[in-house]
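Q: Have a look at the structure that comes next, please.
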Amino acid sequence: MTPLSHAMVLAAGLGTRMRPLTDDRPKPLLPLAGRTLLEHALDRLEDAGVAETVVNAHWHAAQIEALLADRTAPRIAIQHERTLLETGGGVKRALPLLGDAPFAVVNGDAYWLNGPTPALERLAAAFDAADMDGLLLLVRTAQVDGEVGLGDFMLDPLGRLRRPKEREMSPYLFGGVQILHPRLFDGAPEGAFSLNRLYDRAIEAERLFGLVHDGVWFHLSTPRDLERAELALRSGLTRALF
(Lines give C-alpha, C1' and ligand atoms only; values in the text may rest on other atoms or scores of the structure.)
Protein backbone atom coordinates (compact mmCIF):
# COMPACT_ATOMS: atom_id res chain seq x y z
CA MET A 1 0.00 0.00 0.00
CA THR A 2 1.36 3.41 -1.04
CA PRO A 3 -0.24 6.23 1.00
CA LEU A 4 -1.05 9.15 -1.29
CA SER A 5 -0.29 12.56 0.17
CA HIS A 6 0.57 14.48 -3.02
CA ALA A 7 -0.90 14.73 -6.49
CA MET A 8 -0.91 16.78 -9.65
CA VAL A 9 -3.84 17.63 -11.89
CA LEU A 10 -2.95 18.40 -15.50
CA ALA A 11 -5.14 21.34 -16.53
CA ALA A 12 -2.96 23.39 -18.88
CA GLY A 13 -3.96 21.99 -22.27
CA LEU A 14 -5.82 23.86 -25.01
CA GLY A 15 -8.64 21.35 -25.42
CA THR A 16 -8.78 21.91 -29.16
CA ARG A 17 -11.00 18.90 -29.95
CA MET A 18 -13.60 20.24 -27.52
CA ARG A 19 -14.02 23.52 -29.42
CA PRO A 20 -16.12 25.64 -29.56
CA LEU A 21 -16.81 24.87 -25.88
CA THR A 22 -13.18 25.61 -25.03
CA ASP A 23 -12.90 28.84 -27.00
CA ASP A 24 -13.46 30.86 -23.84
CA ARG A 25 -12.53 28.46 -21.03
CA PRO A 26 -10.14 25.62 -20.19
CA LYS A 27 -11.44 22.13 -20.88
CA PRO A 28 -11.22 21.13 -17.18
CA LEU A 29 -13.73 23.88 -16.39
CA LEU A 30 -16.44 22.36 -18.56
CA PRO A 31 -19.43 21.26 -16.48
CA LEU A 32 -20.61 17.69 -16.04
CA ALA A 33 -23.14 16.46 -13.49
CA GLY A 34 -23.34 19.86 -11.82
CA ARG A 35 -19.61 20.46 -11.26
CA THR A 36 -16.62 21.20 -13.42
CA LEU A 37 -14.37 18.35 -14.52
CA LEU A 38 -11.56 19.87 -12.47
CA GLU A 39 -13.69 19.91 -9.32
CA HIS A 40 -14.62 16.27 -9.85
CA ALA A 41 -10.93 15.34 -10.13
CA LEU A 42 -10.07 17.26 -6.97
CA ASP A 43 -13.00 15.68 -5.14
CA ARG A 44 -11.63 12.22 -5.98
CA LEU A 45 -8.20 13.24 -4.70
CA GLU A 46 -9.65 14.67 -1.51
CA ASP A 47 -11.61 11.46 -0.92
CA ALA A 48 -8.37 9.48 -1.37
CA GLY A 49 -6.69 11.43 1.42
CA VAL A 50 -4.44 13.57 -0.75
CA ALA A 51 -3.42 16.69 1.16
CA GLU A 52 -1.29 18.62 -1.34
CA THR A 53 -2.07 19.07 -5.03
CA VAL A 54 -0.42 20.99 -7.85
CA VAL A 55 -2.69 22.19 -10.67
CA ASN A 56 -0.99 23.53 -13.77
CA ALA A 57 -2.68 26.19 -15.89
CA HIS A 58 -2.10 27.92 -19.21
CA TRP A 59 -5.22 28.41 -21.33
CA HIS A 60 -7.47 30.95 -19.53
CA ALA A 61 -5.39 30.32 -16.41
CA ALA A 62 -7.12 33.11 -14.49
CA GLN A 63 -10.38 31.15 -14.61
CA ILE A 64 -8.72 28.14 -12.98
CA GLU A 65 -7.20 30.36 -10.33
CA ALA A 66 -10.58 31.94 -9.60
CA LEU A 67 -12.34 28.58 -9.32
CA LEU A 68 -9.77 27.25 -6.86
CA ALA A 69 -9.36 30.39 -4.77
CA ASP A 70 -11.67 29.25 -1.96
CA ARG A 71 -10.89 25.54 -2.02
CA THR A 72 -9.19 24.32 1.16
CA ALA A 73 -8.93 20.56 0.57
CA PRO A 74 -6.74 19.40 -0.90
CA ARG A 75 -4.40 22.37 -0.52
CA ILE A 76 -3.59 23.61 -4.01
CA ALA A 77 -0.56 25.23 -5.59
CA ILE A 78 -1.20 26.60 -9.06
CA GLN A 79 1.64 26.21 -11.54
CA HIS A 80 1.30 28.84 -14.24
CA GLU A 81 2.86 27.83 -17.55
CA ARG A 82 3.43 30.73 -19.93
CA THR A 83 4.65 28.18 -22.45
CA LEU A 84 2.98 24.78 -22.54
CA LEU A 85 5.29 22.15 -21.07
CA GLU A 86 3.16 19.16 -22.13
CA THR A 87 2.45 16.34 -19.70
CA GLY A 88 6.02 15.33 -18.89
CA GLY A 89 7.46 18.82 -18.69
CA GLY A 90 4.59 20.01 -16.53
CA VAL A 91 5.01 17.24 -13.98
CA LYS A 92 8.80 17.57 -13.97
CA ARG A 93 8.56 21.27 -13.15
CA ALA A 94 6.21 20.46 -10.25
CA LEU A 95 8.46 17.78 -8.72
CA PRO A 96 9.79 20.06 -5.92
CA LEU A 97 6.19 20.40 -4.70
CA LEU A 98 5.31 16.71 -5.02
CA GLY A 99 7.61 15.22 -2.41
CA ASP A 100 9.93 12.23 -2.47
CA ALA A 101 7.27 9.50 -2.40
CA PRO A 102 5.06 8.20 -5.24
CA PHE A 103 2.32 10.65 -6.17
CA ALA A 104 -0.87 10.63 -8.22
CA VAL A 105 -1.27 12.41 -11.55
CA VAL A 106 -4.79 12.97 -12.87
CA ASN A 107 -5.76 14.50 -16.19
CA GLY A 108 -7.91 17.56 -15.61
CA ASP A 109 -10.52 16.25 -18.05
CA ALA A 110 -10.67 12.70 -16.64
CA TYR A 111 -14.07 11.69 -15.31
CA TRP A 112 -14.87 8.29 -13.88
CA LEU A 113 -17.22 6.52 -11.53
CA ASN A 114 -15.61 4.24 -8.99
CA GLY A 115 -16.29 0.54 -8.72
CA PRO A 116 -16.55 -1.26 -5.36
CA THR A 117 -13.24 0.31 -4.27
CA PRO A 118 -12.29 3.84 -5.41
CA ALA A 119 -9.84 3.78 -8.31
CA LEU A 120 -7.21 5.87 -6.53
CA GLU A 121 -7.33 3.57 -3.52
CA ARG A 122 -6.92 0.54 -5.79
CA LEU A 123 -3.93 2.14 -7.49
CA ALA A 124 -2.34 3.03 -4.15
CA ALA A 125 -2.88 -0.50 -2.84
CA ALA A 126 -1.35 -2.05 -5.97
CA PHE A 127 1.65 0.26 -6.30
CA ASP A 128 4.90 -1.49 -5.41
CA ALA A 129 7.71 1.05 -5.27
CA ALA A 130 10.33 -1.70 -5.41
CA ASP A 131 9.21 -2.87 -8.85
CA MET A 132 7.26 0.04 -10.34
CA ASP A 133 8.12 3.47 -11.67
CA GLY A 134 4.56 4.00 -12.85
CA LEU A 135 1.12 2.40 -12.46
CA LEU A 136 -1.54 3.52 -14.95
CA LEU A 137 -5.30 3.08 -14.72
CA LEU A 138 -6.49 1.28 -17.84
CA VAL A 139 -9.98 1.15 -19.31
CA ARG A 140 -11.33 -1.65 -21.49
CA THR A 141 -12.00 -0.25 -24.96
CA ALA A 142 -15.09 -2.44 -25.23
CA GLN A 143 -16.70 -0.39 -22.46
CA VAL A 144 -15.88 3.02 -23.92
CA ASP A 145 -18.59 5.00 -25.68
CA GLY A 146 -16.57 6.93 -28.24
CA GLU A 147 -13.63 6.74 -30.65
CA VAL A 148 -10.88 4.51 -29.22
CA GLY A 149 -8.59 3.96 -32.21
CA LEU A 150 -6.16 1.07 -31.82
CA GLY A 151 -5.92 1.36 -28.04
CA ASP A 152 -2.93 2.41 -25.97
CA PHE A 153 -1.25 -0.50 -24.17
CA MET A 154 -1.00 -4.26 -23.95
CA LEU A 155 -1.03 -5.86 -20.50
CA ASP A 156 0.85 -9.03 -19.59
CA PRO A 157 -0.28 -11.52 -16.86
CA LEU A 158 1.91 -9.78 -14.27
CA GLY A 159 0.43 -6.37 -15.06
CA ARG A 160 3.41 -5.02 -17.00
CA LEU A 161 2.67 -2.76 -19.97
CA ARG A 162 3.99 -2.67 -23.51
CA ARG A 163 3.03 -0.78 -26.64
CA PRO A 164 0.94 -2.52 -29.31
CA LYS A 165 2.93 -3.78 -32.27
CA GLU A 166 2.17 -2.58 -35.79
CA ARG A 167 -1.42 -3.48 -36.74
CA GLU A 168 -2.01 -4.92 -33.27
CA MET A 169 -5.14 -3.64 -31.54
CA SER A 170 -4.98 -3.10 -27.81
CA PRO A 171 -8.02 -3.80 -25.63
CA TYR A 172 -7.04 -1.00 -23.24
CA LEU A 173 -6.98 2.80 -23.14
CA PHE A 174 -5.10 4.88 -20.61
CA GLY A 175 -7.71 6.40 -18.30
CA GLY A 176 -5.80 9.56 -17.36
CA VAL A 177 -5.19 8.47 -13.75
CA GLN A 178 -1.84 7.16 -12.52
CA ILE A 179 0.69 6.88 -9.73
CA LEU A 180 4.27 7.80 -10.59
CA HIS A 181 7.51 7.48 -8.65
CA PRO A 182 9.78 10.56 -8.77
CA ARG A 183 12.64 8.41 -10.12
CA LEU A 184 10.69 8.05 -13.37
CA PHE A 185 11.94 11.58 -14.11
CA ASP A 186 15.65 10.86 -13.53
CA GLY A 187 17.46 12.13 -16.61
CA ALA A 188 14.27 13.55 -18.14
CA PRO A 189 14.75 16.33 -20.70
CA GLU A 190 14.28 20.01 -19.99
CA GLY A 191 11.35 21.99 -21.31
CA ALA A 192 8.29 20.53 -23.00
CA PHE A 193 7.96 16.78 -23.49
CA SER A 194 5.34 14.07 -23.24
CA LEU A 195 5.09 11.56 -20.43
CA ASN A 196 5.05 8.96 -23.19
CA ARG A 197 8.83 9.37 -23.50
CA LEU A 198 9.22 8.30 -19.89
CA TYR A 199 6.64 5.53 -20.25
CA ASP A 200 8.64 4.02 -23.12
CA ARG A 201 11.83 4.07 -21.08
CA ALA A 202 10.03 2.43 -18.15
CA ILE A 203 8.56 -0.20 -20.46
CA GLU A 204 12.06 -1.12 -21.61
CA ALA A 205 13.08 -1.53 -17.97
CA GLU A 206 9.89 -3.54 -17.25
CA ARG A 207 8.87 -0.99 -14.63
CA LEU A 208 5.61 0.38 -16.12
CA PHE A 209 2.46 -1.40 -14.97
CA GLY A 210 -1.28 -1.13 -15.49
CA LEU A 211 -4.42 -1.73 -13.44
CA VAL A 212 -7.79 -2.23 -15.15
CA HIS A 213 -10.59 0.04 -13.92
CA ASP A 214 -13.58 -1.78 -12.46
CA GLY A 215 -16.03 1.12 -12.67
CA VAL A 216 -17.31 3.45 -15.39
CA TRP A 217 -15.05 5.81 -17.33
CA PHE A 218 -16.11 8.49 -19.81
CA HIS A 219 -14.24 9.36 -22.98
CA LEU A 220 -14.50 13.16 -23.13
CA SER A 221 -12.82 14.37 -26.29
CA THR A 222 -15.52 16.24 -28.23
CA PRO A 223 -18.68 18.22 -27.38
CA ARG A 224 -20.73 15.19 -28.42
CA ASP A 225 -18.85 13.04 -25.89
CA LEU A 226 -19.76 15.50 -23.15
CA GLU A 227 -23.43 15.46 -24.19
CA ARG A 228 -23.52 11.66 -24.13
CA ALA A 229 -21.91 11.54 -20.70
CA GLU A 230 -24.38 14.04 -19.28
CA LEU A 231 -27.29 12.08 -20.72
CA ALA A 232 -25.98 8.79 -19.34
CA LEU A 233 -25.50 10.25 -15.86
CA ARG A 234 -28.90 11.93 -15.79
CA SER A 235 -30.76 8.84 -17.02
CA GLY A 236 -28.96 6.38 -14.77
CA LEU A 237 -27.65 4.38 -17.73
CA THR A 238 -24.28 4.03 -16.02
CA ARG A 239 -25.70 1.45 -13.61
CA ALA A 240 -25.94 -0.99 -16.49
CA LEU A 241 -22.19 -0.70 -17.16
CA PHE A 242 -21.04 -2.20 -13.85
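Residue numbering restarts at 1 in every chain; chains get A, B, ... in the order shown in the C-alpha coordinates, and ligands count up from 1 in that same order.
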Applying 8 Å and only C-alpha atoms, which residues near Arg162 in chain A remain after dropping the ones on its own chain fewer than 3 positions away? List them as a PyMOL selection string.
A: chain A and resi 153-155+203
Q: Pull the alpha helix (DSSP H) assignments for range 76-195 of chain A out of DSSP run on the backbone, and list those residues as a ChimeraX atom specification.
A: /A:86-98,119-126,195
Q: Where does range 123-159 of chain A meet range 179-187 of chain A within 9 Å, residue by residue, with the nearest atom pair and distance in Å to one decimal for each, counting only C-alpha atoms, listed by chain and rising number, as a tab-separated table?
A:
```
residue	atom	partner	partner_atom	distance
A:Leu123	CA	A:Ile179	CA	7.0
A:Ala124	CA	A:Ile179	CA	7.4
A:Phe127	CA	A:Ile179	CA	7.5
A:Ala129	CA	A:His181	CA	7.3
A:Met132	CA	A:His181	CA	7.6
A:Asp133	CA	A:His181	CA	5.1
A:Gly134	CA	A:Leu180	CA	4.4
A:Leu135	CA	A:Ile179	CA	5.3
A:Leu136	CA	A:Ile179	CA	6.6
A:Leu137	CA	A:Ile179	CA	8.7
```
Q: Ranking A:Asp109, A:Glu206, A:Glu81, A:Asp100 by minimum distance to Val9 in chain A and counting only C-alpha atoms, which one comes first?
A: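 Closest to Val9 in chain A of all the choices is A:Asp109.
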Q: Return the single residue from A:His219, A:Arg140, A:Arg228, A:Arg160 that is closest to Ala205 in chain A, with distances computed using only C-alpha atoms.
A: A:Arg160
Q: Can you check which parts of range 64-109 of chain A lie within 9 Å of range 24-44 of chain A? Per residue, the shortest pair of atoms and distance in Å to one decimal, counting only C-alpha atoms, sorted by chain and number, as a tab-separated table.
A:
```
residue	atom	partner	partner_atom	distance
A:Ile64	CA	A:Leu29	CA	7.4
A:Leu67	CA	A:Leu29	CA	8.6
A:Leu68	CA	A:Glu39	CA	8.7
A:Ala73	CA	A:Leu42	CA	8.3
A:Pro74	CA	A:Leu42	CA	7.2
A:Val106	CA	A:Ala41	CA	7.1
A:Asn107	CA	A:Ala41	CA	8.0
A:Gly108	CA	A:Pro28	CA	5.1
A:Asp109	CA	A:Pro28	CA	5.0
```
Q: Per residue of range 118-169 of chain A within 8 Å of range 46-50 of chain A, what are the shortest atom pair and its distance in Å to one decimal, counting only C-alpha atoms, with rows by chain and residue number, as a tab-separated table?
A:
```
residue	atom	partner	partner_atom	distance
A:Pro118	CA	A:Ala48	CA	8.0
A:Leu120	CA	A:Ala48	CA	6.4
A:Glu121	CA	A:Ala48	CA	6.4
```
Q: I'd like the contact shell of Val55 in chain A - 8 Å cut-off, only C-alpha atoms, skipping same-chain residues fewer than 6 positions apart - returned as a PyMOL selection string.
A: chain A and resi 8-11+76-79
Q: Write out as a PyMOL selection string all residues of chain A that backbone DSSP assigns to strand (DSSP E).
A: chain A and resi 6-10+31-32+35-36+52-57+75-80+103-107+111-113+134-140+154-155+161-162+172-180+208-212+216-218
Q: For Asp152 in chain A, please output as a VMD selection string all residues within 8 Å (counting only C-alpha atoms; exclusion window: fewer than 2 positions along the same chain).
A: chain A and resid 150 154 163 to 164 170 172 to 174
Q: If you keep N, CA, C and O atoms, can you produce a file of those selected residues as an mmCIF file, in the first residue's frame?
A:
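To be explicit, this is the file written out as selection.cif:
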```cif
data_model
loop_
_atom_site.group_PDB
_atom_site.id
_atom_site.type_symbol
_atom_site.label_atom_id
_atom_site.label_comp_id
_atom_site.auth_asym_id
_atom_site.auth_seq_id
_atom_site.Cartn_x
_atom_site.Cartn_y
_atom_site.Cartn_z
ATOM 1 N N LEU A 150 -6.779 2.387 -31.974
ATOM 2 C CA LEU A 150 -6.164 1.067 -31.822
ATOM 3 C C LEU A 150 -5.847 0.738 -30.370
ATOM 4 O O LEU A 150 -5.243 -0.304 -30.091
ATOM 5 N N MET A 154 -0.748 -2.850 -24.184
ATOM 6 C CA MET A 154 -0.995 -4.264 -23.945
ATOM 7 C C MET A 154 -0.569 -4.566 -22.508
ATOM 8 O O MET A 154 0.361 -3.948 -21.978
ATOM 9 N N ARG A 163 3.767 -1.423 -25.555
ATOM 10 C CA ARG A 163 3.027 -0.783 -26.639
ATOM 11 C C ARG A 163 2.514 -1.847 -27.621
ATOM 12 O O ARG A 163 3.166 -2.882 -27.814
ATOM 13 N N PRO A 164 1.376 -1.598 -28.254
ATOM 14 C CA PRO A 164 0.936 -2.517 -29.307
ATOM 15 C C PRO A 164 1.925 -2.521 -30.469
ATOM 16 O O PRO A 164 2.534 -1.494 -30.795
ATOM 17 N N SER A 170 -5.023 -2.928 -29.257
ATOM 18 C CA SER A 170 -4.976 -3.102 -27.809
ATOM 19 C C SER A 170 -6.388 -3.030 -27.236
ATOM 20 O O SER A 170 -7.189 -2.195 -27.653
ATOM 21 N N TYR A 172 -7.052 -1.937 -24.356
ATOM 22 C CA TYR A 172 -7.043 -0.995 -23.240
ATOM 23 C C TYR A 172 -6.679 0.418 -23.681
ATOM 24 O O TYR A 172 -5.805 0.618 -24.516
ATOM 25 N N LEU A 173 -7.347 1.388 -23.056
ATOM 26 C CA LEU A 173 -6.978 2.798 -23.141
ATOM 27 C C LEU A 173 -6.425 3.250 -21.800
ATOM 28 O O LEU A 173 -6.802 2.718 -20.753
ATOM 29 N N PHE A 174 -5.552 4.233 -21.833
ATOM 30 C CA PHE A 174 -5.104 4.884 -20.608
ATOM 31 C C PHE A 174 -6.214 5.798 -20.118
ATOM 32 O O PHE A 174 -6.723 6.630 -20.874
#
```
Q: A:Ser194, A:Thr222, A:Gln178, A:Ser235: which is nearest Gly210 in chain A, counting only C-alpha atoms?
A: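 For Gly210 in chain A, the nearest of the given residues is A:Gln178.
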Q: Go through A:Leu161, A:Leu95, A:Ala101, A:Ala130 one by one, measure the shortest atom-to-atom distance of each to Phe209 in chain A using only C-alpha atoms, and give the residue with the smallest value.
A: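 Nearest to Phe209 in chain A: A:Leu161.
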Q: Contacts of Ala192 in chain A at 10 Å or less, counting only C-alpha atoms, minus same-chain residues fewer than 3 places along, as an MDAnalysis selection string?
A: chainID A and resid 83:90 92:93 189 195
Q: Could you save those same residues with N, CA, C and O atoms as a tab-separated table (two decimals), in the first residue's frame?
A:
```tsv
chain	number	residue	atom	x	y	z
A	83	THR	N	4.47	29.04	-21.29
A	83	THR	CA	4.65	28.18	-22.45
A	83	THR	C	4.24	26.77	-22.05
A	83	THR	O	4.64	26.28	-20.98
A	84	LEU	N	3.43	26.13	-22.87
A	84	LEU	CA	2.98	24.78	-22.54
A	84	LEU	C	4.18	23.83	-22.41
A	84	LEU	O	5.03	23.77	-23.31
A	85	LEU	N	4.20	23.09	-21.33
A	85	LEU	CA	5.29	22.15	-21.07
A	85	LEU	C	4.91	20.72	-21.40
A	85	LEU	O	5.73	19.81	-21.21
A	86	GLU	N	3.70	20.49	-21.87
A	86	GLU	CA	3.16	19.16	-22.13
A	86	GLU	C	3.10	18.37	-20.82
A	86	GLU	O	3.42	18.87	-19.75
A	87	THR	N	2.70	17.11	-20.92
A	87	THR	CA	2.45	16.34	-19.70
A	87	THR	C	3.73	16.09	-18.91
A	87	THR	O	3.79	16.29	-17.70
A	88	GLY	N	4.78	15.65	-19.59
A	88	GLY	CA	6.02	15.33	-18.89
A	88	GLY	C	6.71	16.55	-18.33
A	88	GLY	O	7.15	16.57	-17.17
A	89	GLY	N	6.81	17.61	-19.16
A	89	GLY	CA	7.46	18.82	-18.69
A	89	GLY	C	6.72	19.48	-17.56
A	89	GLY	O	7.33	20.04	-16.64
A	90	GLY	N	5.38	19.41	-17.60
A	90	GLY	CA	4.59	20.01	-16.53
A	90	GLY	C	4.81	19.31	-15.20
A	90	GLY	O	4.99	19.96	-14.16
A	92	LYS	N	7.41	17.40	-14.41
A	92	LYS	CA	8.80	17.57	-13.97
A	92	LYS	C	8.99	18.91	-13.26
A	92	LYS	O	9.66	18.98	-12.22
A	93	ARG	N	8.41	19.96	-13.80
A	93	ARG	CA	8.56	21.27	-13.15
A	93	ARG	C	7.94	21.28	-11.76
A	93	ARG	O	8.41	21.98	-10.86
A	189	PRO	N	14.30	15.12	-20.02
A	189	PRO	CA	14.75	16.33	-20.70
A	189	PRO	C	14.20	17.60	-20.07
A	189	PRO	O	13.27	17.56	-19.26
A	195	LEU	N	4.84	12.68	-21.33
A	195	LEU	CA	5.09	11.56	-20.43
A	195	LEU	C	5.32	10.26	-21.19
A	195	LEU	O	5.95	9.34	-20.66
```
Q: Between CA of Leu198 in chain A and CA of Tyr111 in chain A, what is the spacing in Å?
A: 24.0 Å
